[in-house]
Amino acid sequence: MSGPRGLDLERLRDYLGSPPLSATMFAGGRSNLTYAVTDGTHRWVLRRPPLGHVLPTAHDMSREHRVLDALCGAGFPVPRPVRLCTDPDVIGAPFYLMEHADGTIHRDAGVLEKMGPESMRRLVLSLVDTLAALHSLDPAGIGLGDFGRPEGFNERQVRRWKKQLDASRSRDVPGIEELHARLAAEVPAGGPGAVVHGDYRLDNVLIGDELQVNAVLDWEMSTLGDPLSDLALLLVYAGRPLLLGDGGPRSPLSVPGHPGLTEIADHYAERSGRDVSDLHWYVAFAAFKLAVILEGVHYRYVQGKTVGEGFDTVGAMVAPLVAQGHESLDGTLEAS
């Protein structure tokens, strides 16, 4: 009963008291490792931290399990958590199990284009509607009132991601220090806090047959904070090449039918009732944050501590994000 790297199926079976298990690793993950696990009757998904380099406060399985449990209870579309194990001796790291959720993760722009412009538009607007629904939840009312500190959120984020960058250096990245300095010089206070996902994008959701969002995945960076940070990151991701795909990298924004960034922001404003009149700082920070995340992935790749394919191309994605951050602060919202 051998398993994929990072998952000891014998020890997991002993822990669960289950029949023999089999497992496969999901493609596409660049941080926490995710596996499909089955005993031949039941299907689960297991999440554990990455092998090797782990930054402080990152990859907290208990925290991720907690937000899933709260959101599931509130009726928000997430997989139902099944079990949390904080004992690293079981499989070599803390982990949690959740129910398998049906749906499709879209990582191939060619597949998206085959859907047709009308379906592509519906899909993206459904993604925006789900984000607005998340931000409409009352954190205290669903048991997450102490899940974070919305006050000063943006300032802390600017400091935190600079520390993440400093902890994941394997090369010089032109312009990234200057981008951080510009962001730190004028940080918006932000409006009322909300549950924020922290990495909300098309390929972090499971899409159903009617183009609805069946489940939002990968809550490892969730907290209470400024909801415009989620919207801005969604806008940045829309213009970036998908990490996986056939026929070469293409951005979702390049697919016919995909709404423009301004239209997405306006649709979110209509559904959420929030002011999005000045997203430039938020988009610039989102570009910086994603650049730091990918630089961390590149750091683990050059150390030989990544699992799976596609990591050799991640490093090249950092410089365009730094450029986008500067452009957004200069007043350009739409992706270039």
# chains A, B, ... in the order shown; residues from 1 in each chain; ligands from 1

$ residues_around --residues "A:Val187" --least-positions-apart "6" --cutoff "8 Å" --atoms "only C-alpha atoms" --output "list in words"
Asn154, Glu155 and Trp281 of chain A

$ select_by_dssp --residues "stretch 88-309 of chain A" --states "strand (DSSP E)" --output "list in words"
Phe95, Tyr96, Leu97, Met98, Glu99, Ala194, Val195, Val196, Val205, Leu206, Ile207, Val213, Asn214, Ala215, Val216, Thr223, Leu224 and Gly225 of chain A

$ write_last_selection --atoms "C-alpha atoms" --output "PDB file, in the first residue's frame"
ATOM      1  CA  PHE A  95      -3.126  17.244   8.184  1.00  0.00           C
ATOM      2  CA  TYR A  96      -6.865  17.255   7.779  1.00  0.00           C
ATOM      3  CA  LEU A  97      -9.369  15.269   5.779  1.00  0.00           C
ATOM      4  CA  MET A  98     -12.401  16.709   4.022  1.00  0.00           C
ATOM      5  CA  GLU A  99     -15.133  15.212   1.906  1.00  0.00           C
ATOM      6  CA  ALA A 194     -14.758  40.462   6.389  1.00  0.00           C
ATOM      7  CA  VAL A 195     -13.663  36.856   6.015  1.00  0.00           C
ATOM      8  CA  VAL A 196     -11.108  36.996   3.213  1.00  0.00           C
ATOM      9  CA  VAL A 205     -12.757  26.690  -7.105  1.00  0.00           C
ATOM     10  CA  LEU A 206     -14.712  23.656  -8.262  1.00  0.00           C
ATOM     11  CA  ILE A 207     -17.199  24.574 -10.991  1.00  0.00           C
ATOM     12  CA  VAL A 213     -19.260  27.442  -7.831  1.00  0.00           C
ATOM     13  CA  ASN A 214     -19.624  24.077  -6.085  1.00  0.00           C
ATOM     14  CA  ALA A 215     -16.762  24.605  -3.635  1.00  0.00           C
ATOM     15  CA  VAL A 216     -14.048  27.158  -2.883  1.00  0.00           C
ATOM     16  CA  THR A 223      -8.278  35.588   7.811  1.00  0.00           C
ATOM     17  CA  LEU A 224     -10.382  38.603   8.752  1.00  0.00           C
ATOM     18  CA  GLY A 225      -9.288  41.571   6.702  1.00  0.00           C
TER      19      GLY A 225
END

$ select_by_dssp --residues "stretch 234-294 of chain A" --states "alpha helix (DSSP H)" --output "number ranges by chain"
A: 234-238, 261-272, 280-294

$ closest_residue --among "A:Val78, A:Val314, A:Ala189, A:Leu16" --to "A:Tyr282" --atoms "only C-alpha atoms"
A:Ala189

$ residues_around --residues "A:Gly75" --least-positions-apart "6" --cutoff "12 Å" --atoms "only C-alpha atoms" --output "list in words"
Leu68, Asp69, Thr130, Ala133, Leu134, Leu137, Ile142, Asn214 and Ala215 of chain A

$ closest_residue --among "A:Leu144, A:Ala284, A:Val45, A:Leu202" --to "A:Gly73" --atoms "only C-alpha atoms"
A:Leu144

$ closest_residue --among "A:Arg107, A:Asp60, A:Asp89, A:Asp129" --to "A:Phe76" --atoms "only C-alpha atoms"
A:Asp129

$ residues_around --residues "stretch 181-184 of chain A" --least-positions-apart "2" --cutoff "12 Å" --atoms "only C-alpha atoms" --output "PyMOL selection string"
chain A and resi 154-162+175-179+186-188+280-289+322+325-330

$ write_last_selection --atoms "N, CA and C atoms" --output "mmCIF file, in the first residue's frame"
data_model
loop_
_atom_site.group_PDB
_atom_site.id
_atom_site.type_symbol
_atom_site.label_atom_id
_atom_site.label_comp_id
_atom_site.auth_asym_id
_atom_site.auth_seq_id
_atom_site.Cartn_x
_atom_site.Cartn_y
_atom_site.Cartn_z
ATOM 1 N N ASN A 154 -4.155 46.090 6.240
ATOM 2 C CA ASN A 154 -3.328 46.373 5.066
ATOM 3 C C ASN A 154 -1.887 46.673 5.457
ATOM 4 N N GLU A 155 -1.685 47.416 6.544
ATOM 5 C CA GLU A 155 -0.321 47.696 6.986
ATOM 6 C C GLU A 155 0.407 46.414 7.382
ATOM 7 N N ARG A 156 -0.298 45.539 8.106
ATOM 8 C CA ARG A 156 0.336 44.277 8.500
ATOM 9 C C ARG A 156 0.653 43.415 7.295
ATOM 10 N N GLN A 157 -0.219 43.432 6.294
ATOM 11 C CA GLN A 157 0.032 42.638 5.097
ATOM 12 C C GLN A 157 1.278 43.116 4.361
ATOM 13 N N VAL A 158 1.437 44.425 4.273
ATOM 14 C CA VAL A 158 2.626 44.963 3.601
ATOM 15 C C VAL A 158 3.889 44.510 4.328
ATOM 16 N N ARG A 159 3.873 44.557 5.660
ATOM 17 C CA ARG A 159 5.039 44.115 6.430
ATOM 18 C C ARG A 159 5.240 42.612 6.307
ATOM 19 N N ARG A 160 4.137 41.863 6.402
ATOM 20 C CA ARG A 160 4.242 40.399 6.392
ATOM 21 C C ARG A 160 4.843 39.890 5.097
ATOM 22 N N TRP A 161 4.357 40.409 3.967
ATOM 23 C CA TRP A 161 4.823 39.856 2.699
ATOM 24 C C TRP A 161 6.235 40.310 2.359
ATOM 25 N N LYS A 162 6.662 41.424 2.951
ATOM 26 C CA LYS A 162 8.087 41.782 2.828
ATOM 27 C C LYS A 162 8.934 40.773 3.606
ATOM 28 N N GLY A 175 13.260 45.646 -9.119
ATOM 29 C CA GLY A 175 12.039 46.425 -8.945
ATOM 30 C C GLY A 175 11.162 46.022 -7.790
ATOM 31 N N ILE A 176 11.416 44.868 -7.179
ATOM 32 C CA ILE A 176 10.481 44.406 -6.150
ATOM 33 C C ILE A 176 10.662 45.182 -4.843
ATOM 34 N N GLU A 177 11.881 45.582 -4.519
ATOM 35 C CA GLU A 177 12.089 46.397 -3.324
ATOM 36 C C GLU A 177 11.443 47.770 -3.489
ATOM 37 N N GLU A 178 11.576 48.347 -4.672
ATOM 38 C CA GLU A 178 10.966 49.641 -4.946
ATOM 39 C C GLU A 178 9.444 49.561 -4.892
ATOM 40 N N LEU A 179 8.888 48.459 -5.381
ATOM 41 C CA LEU A 179 7.437 48.280 -5.328
ATOM 42 C C LEU A 179 6.966 48.222 -3.879
ATOM 43 N N GLU A 186 1.959 54.592 1.263
ATOM 44 C CA GLU A 186 0.585 55.104 1.275
ATOM 45 C C GLU A 186 -0.389 53.928 1.358
ATOM 46 N N VAL A 187 -0.596 53.434 2.569
ATOM 47 C CA VAL A 187 -1.439 52.267 2.793
ATOM 48 C C VAL A 187 -2.864 52.714 3.125
ATOM 49 N N PRO A 188 -3.872 52.237 2.377
ATOM 50 C CA PRO A 188 -5.252 52.617 2.703
ATOM 51 C C PRO A 188 -5.717 52.001 4.009
ATOM 52 N N HIS A 280 -6.443 50.843 -7.251
ATOM 53 C CA HIS A 280 -5.081 50.795 -7.784
ATOM 54 C C HIS A 280 -4.076 50.290 -6.756
ATOM 55 N N TRP A 281 -4.155 50.783 -5.510
ATOM 56 C CA TRP A 281 -3.223 50.305 -4.491
ATOM 57 C C TRP A 281 -3.431 48.825 -4.242
ATOM 58 N N TYR A 282 -4.679 48.408 -4.161
ATOM 59 C CA TYR A 282 -4.982 47.005 -3.860
ATOM 60 C C TYR A 282 -4.470 46.073 -4.962
ATOM 61 N N VAL A 283 -4.644 46.474 -6.208
ATOM 62 C CA VAL A 283 -4.156 45.651 -7.315
ATOM 63 C C VAL A 283 -2.626 45.606 -7.303
ATOM 64 N N ALA A 284 -2.010 46.732 -7.011
ATOM 65 C CA ALA A 284 -0.547 46.754 -6.929
ATOM 66 C C ALA A 284 -0.047 45.845 -5.812
ATOM 67 N N PHE A 285 -0.724 45.903 -4.661
ATOM 68 C CA PHE A 285 -0.304 45.034 -3.571
ATOM 69 C C PHE A 285 -0.555 43.576 -3.920
ATOM 70 N N ALA A 286 -1.686 43.273 -4.570
ATOM 71 C CA ALA A 286 -1.967 41.896 -4.973
ATOM 72 C C ALA A 286 -0.878 41.369 -5.897
ATOM 73 N N ALA A 287 -0.413 42.216 -6.815
ATOM 74 C CA ALA A 287 0.667 41.803 -7.714
ATOM 75 C C ALA A 287 1.947 41.536 -6.921
ATOM 76 N N PHE A 288 2.230 42.388 -5.941
ATOM 77 C CA PHE A 288 3.403 42.185 -5.087
ATOM 78 C C PHE A 288 3.272 40.889 -4.294
ATOM 79 N N LYS A 289 2.113 40.674 -3.689
ATOM 80 C CA LYS A 289 1.896 39.468 -2.893
ATOM 81 C C LYS A 289 2.067 38.211 -3.743
ATOM 82 N N VAL A 322 5.807 42.167 -10.818
ATOM 83 C CA VAL A 322 6.426 43.376 -10.264
ATOM 84 C C VAL A 322 6.121 44.569 -11.175
ATOM 85 N N GLY A 325 2.553 45.687 -10.712
ATOM 86 C CA GLY A 325 2.379 46.449 -9.484
ATOM 87 C C GLY A 325 2.734 47.911 -9.671
ATOM 88 N N HIS A 326 3.842 48.173 -10.310
ATOM 89 C CA HIS A 326 4.245 49.558 -10.570
ATOM 90 C C HIS A 326 3.236 50.249 -11.491
ATOM 91 N N GLU A 327 2.786 49.539 -12.524
ATOM 92 C CA GLU A 327 1.829 50.132 -13.461
ATOM 93 C C GLU A 327 0.517 50.490 -12.764
ATOM 94 N N SER A 328 0.066 49.630 -11.853
ATOM 95 C CA SER A 328 -1.184 49.909 -11.155
ATOM 96 C C SER A 328 -1.051 51.142 -10.267
ATOM 97 N N LEU A 329 0.066 51.271 -9.576
ATOM 98 C CA LEU A 329 0.276 52.466 -8.757
ATOM 99 C C LEU A 329 0.369 53.723 -9.612
ATOM 100 N N ASP A 330 0.773 53.536 -10.873
ATOM 101 C CA ASP A 330 0.822 54.665 -11.812
ATOM 102 C C ASP A 330 -0.541 54.996 -12.399
#

$ closest_residue --among "A:Asp8, A:Asp102, A:Asp108, A:Glu210" --to "A:Pro241" --atoms "only C-alpha atoms"
A:Asp108

$ residues_around --residues "stretch 229-232 of chain A" --least-positions-apart "3" --cutoff "8 Å" --atoms "only C-alpha atoms" --output "mmCIF file with N, CA and C atoms, in the first residue's frame"
data_model
loop_
_atom_site.group_PDB
_atom_site.id
_atom_site.type_symbol
_atom_site.label_atom_id
_atom_site.label_comp_id
_atom_site.auth_asym_id
_atom_site.auth_seq_id
_atom_site.Cartn_x
_atom_site.Cartn_y
_atom_site.Cartn_z
ATOM 1 N N LEU A 131 -17.614 35.441 -4.376
ATOM 2 C CA LEU A 131 -16.720 36.251 -3.552
ATOM 3 C C LEU A 131 -17.521 37.289 -2.769
ATOM 4 N N VAL A 196 -11.761 36.943 4.517
ATOM 5 C CA VAL A 196 -11.108 36.996 3.213
ATOM 6 C C VAL A 196 -10.407 35.668 2.958
ATOM 7 N N HIS A 197 -10.438 35.238 1.711
ATOM 8 C CA HIS A 197 -9.849 33.961 1.313
ATOM 9 C C HIS A 197 -8.335 34.038 1.253
ATOM 10 N N GLY A 198 -7.824 35.097 0.645
ATOM 11 C CA GLY A 198 -6.388 35.301 0.571
ATOM 12 C C GLY A 198 -5.711 34.781 -0.673
ATOM 13 N N ASP A 199 -6.421 33.958 -1.467
ATOM 14 C CA ASP A 199 -5.839 33.431 -2.715
ATOM 15 C C ASP A 199 -6.967 33.069 -3.672
ATOM 16 N N TYR A 200 -7.941 33.953 -3.797
ATOM 17 C CA TYR A 200 -9.162 33.652 -4.543
ATOM 18 C C TYR A 200 -8.925 33.816 -6.038
ATOM 19 N N ASP A 226 -9.382 43.096 4.878
ATOM 20 C CA ASP A 226 -9.982 44.009 3.899
ATOM 21 C C ASP A 226 -10.457 43.205 2.695
ATOM 22 N N LEU A 235 -8.428 40.000 -9.736
ATOM 23 C CA LEU A 235 -8.149 40.772 -10.953
ATOM 24 C C LEU A 235 -6.740 40.491 -11.464
ATOM 25 N N VAL A 236 -5.784 40.402 -10.553
ATOM 26 C CA VAL A 236 -4.407 40.131 -10.974
ATOM 27 C C VAL A 236 -4.296 38.740 -11.579
ATOM 28 N N ALA A 265 -14.834 44.537 -11.366
ATOM 29 C CA ALA A 265 -14.876 45.366 -10.168
ATOM 30 C C ALA A 265 -16.253 45.998 -9.987
ATOM 31 N N TYR A 268 -18.741 43.350 -8.799
ATOM 32 C CA TYR A 268 -18.536 43.085 -7.368
ATOM 33 C C TYR A 268 -19.132 44.204 -6.517
ATOM 34 N N LEU A 279 -9.089 51.084 -6.754
ATOM 35 C CA LEU A 279 -8.498 49.767 -6.515
ATOM 36 C C LEU A 279 -7.007 49.723 -6.826
ATOM 37 N N TYR A 282 -4.679 48.408 -4.161
ATOM 38 C CA TYR A 282 -4.982 47.005 -3.860
ATOM 39 C C TYR A 282 -4.470 46.073 -4.962
ATOM 40 N N VAL A 283 -4.644 46.474 -6.208
ATOM 41 C CA VAL A 283 -4.156 45.651 -7.315
ATOM 42 C C VAL A 283 -2.626 45.606 -7.303
ATOM 43 N N ALA A 286 -1.686 43.273 -4.570
ATOM 44 C CA ALA A 286 -1.967 41.896 -4.973
ATOM 45 C C ALA A 286 -0.878 41.369 -5.897
#

$ residues_around --residues "stretch 247-263 of chain A" --least-positions-apart "4" --cutoff "8 Å" --atoms "only C-alpha atoms" --output "list of chain:residue names"
A:Ala109, A:Gly110, A:Leu112, A:Glu113, A:Gly116, A:Pro117, A:Glu118, A:Ser119, A:Met120, A:Arg121, A:Val124, A:Leu235, A:Ala238, A:Gly239, A:Arg240, A:Pro241, A:Leu242, A:Leu243, A:His267, A:Leu333, A:Glu334, A:Ala335

$ residues_around --residues "A:Lys305" --least-positions-apart "3" --cutoff "10 Å" --atoms "only C-alpha atoms" --output "list in words"
Pro50, Leu51, Gly52, His53, Val297, His298, Tyr299, Arg300, Tyr301 and Val302 of chain A

$ decode --residues "stretch 101-182 of chain A" --atoms "C-alpha atoms" --output "compact mmCIF listing (two decimals), in the first residue's frame"
# COMPACT_ATOMS: atom_id res chain seq x y z
CA ALA A 101 -16.54 17.68 -3.63
CA ASP A 102 -17.64 17.29 -7.23
CA GLY A 103 -16.79 19.82 -9.91
CA THR A 104 -14.12 20.89 -12.37
CA ILE A 105 -11.04 22.97 -11.69
CA HIS A 106 -10.30 25.06 -14.78
CA ARG A 107 -6.57 25.43 -15.41
CA ASP A 108 -6.52 25.20 -19.20
CA ALA A 109 -7.38 28.33 -21.17
CA GLY A 110 -7.99 26.17 -24.24
CA VAL A 111 -10.78 24.33 -22.44
CA LEU A 112 -12.25 27.63 -21.28
CA GLU A 113 -12.28 28.94 -24.85
CA LYS A 114 -14.22 25.88 -26.03
CA MET A 115 -16.98 26.79 -23.57
CA GLY A 116 -17.87 29.80 -25.71
CA PRO A 117 -17.98 33.52 -24.80
CA GLU A 118 -21.40 33.44 -23.12
CA SER A 119 -20.48 30.55 -20.82
CA MET A 120 -17.10 32.10 -20.04
CA ARG A 121 -18.80 35.31 -18.98
CA ARG A 122 -21.29 33.45 -16.78
CA LEU A 123 -18.50 31.49 -15.16
CA VAL A 124 -16.49 34.57 -14.22
CA LEU A 125 -19.50 36.47 -12.91
CA SER A 126 -20.45 33.43 -10.82
CA LEU A 127 -16.96 33.55 -9.37
CA VAL A 128 -17.45 37.23 -8.48
CA ASP A 129 -20.90 36.59 -7.01
CA THR A 130 -19.45 33.89 -4.74
CA LEU A 131 -16.72 36.25 -3.55
CA ALA A 132 -19.31 38.91 -2.73
CA ALA A 133 -21.32 36.29 -0.82
CA LEU A 134 -18.24 35.38 1.22
CA HIS A 135 -17.64 39.00 2.14
CA SER A 136 -21.27 39.44 3.17
CA LEU A 137 -20.97 36.89 5.99
CA ASP A 138 -20.85 38.21 9.56
CA PRO A 139 -17.62 36.77 11.01
CA ALA A 140 -18.87 36.83 14.59
CA GLY A 141 -22.16 35.28 13.57
CA ILE A 142 -20.44 32.20 12.12
CA GLY A 143 -17.93 31.74 14.92
CA LEU A 144 -14.98 33.53 13.32
CA GLY A 145 -15.08 36.78 15.24
CA ASP A 146 -11.54 36.19 16.53
CA PHE A 147 -10.16 34.75 13.29
CA GLY A 148 -8.14 37.88 12.56
CA ARG A 149 -7.79 41.62 13.21
CA PRO A 150 -9.30 43.74 10.43
CA GLU A 151 -7.93 46.95 11.97
CA GLY A 152 -4.55 47.69 10.44
CA PHE A 153 -4.87 44.70 8.12
CA ASN A 154 -3.33 46.37 5.07
CA GLU A 155 -0.32 47.70 6.99
CA ARG A 156 0.34 44.28 8.50
CA GLN A 157 0.03 42.64 5.10
CA VAL A 158 2.63 44.96 3.60
CA ARG A 159 5.04 44.11 6.43
CA ARG A 160 4.24 40.40 6.39
CA TRP A 161 4.82 39.86 2.70
CA LYS A 162 8.09 41.78 2.83
CA LYS A 163 9.20 39.36 5.56
CA GLN A 164 8.05 36.44 3.39
CA LEU A 165 10.13 37.81 0.54
CA ASP A 166 13.18 38.21 2.75
CA ALA A 167 12.78 34.62 3.97
CA SER A 168 12.60 33.18 0.46
CA ARG A 169 15.46 34.79 -1.40
CA SER A 170 17.47 32.83 -3.92
CA ARG A 171 18.18 35.65 -6.42
CA ASP A 172 17.77 39.37 -7.07
CA VAL A 173 14.36 40.48 -8.38
CA PRO A 174 14.66 43.91 -10.06
CA GLY A 175 12.04 46.43 -8.94
CA ILE A 176 10.48 44.41 -6.15
CA GLU A 177 12.09 46.40 -3.32
CA GLU A 178 10.97 49.64 -4.95
CA LEU A 179 7.44 48.28 -5.33
CA HIS A 180 7.30 47.41 -1.64
CA ALA A 181 8.53 50.89 -0.71
CA ARG A 182 5.83 52.53 -2.83
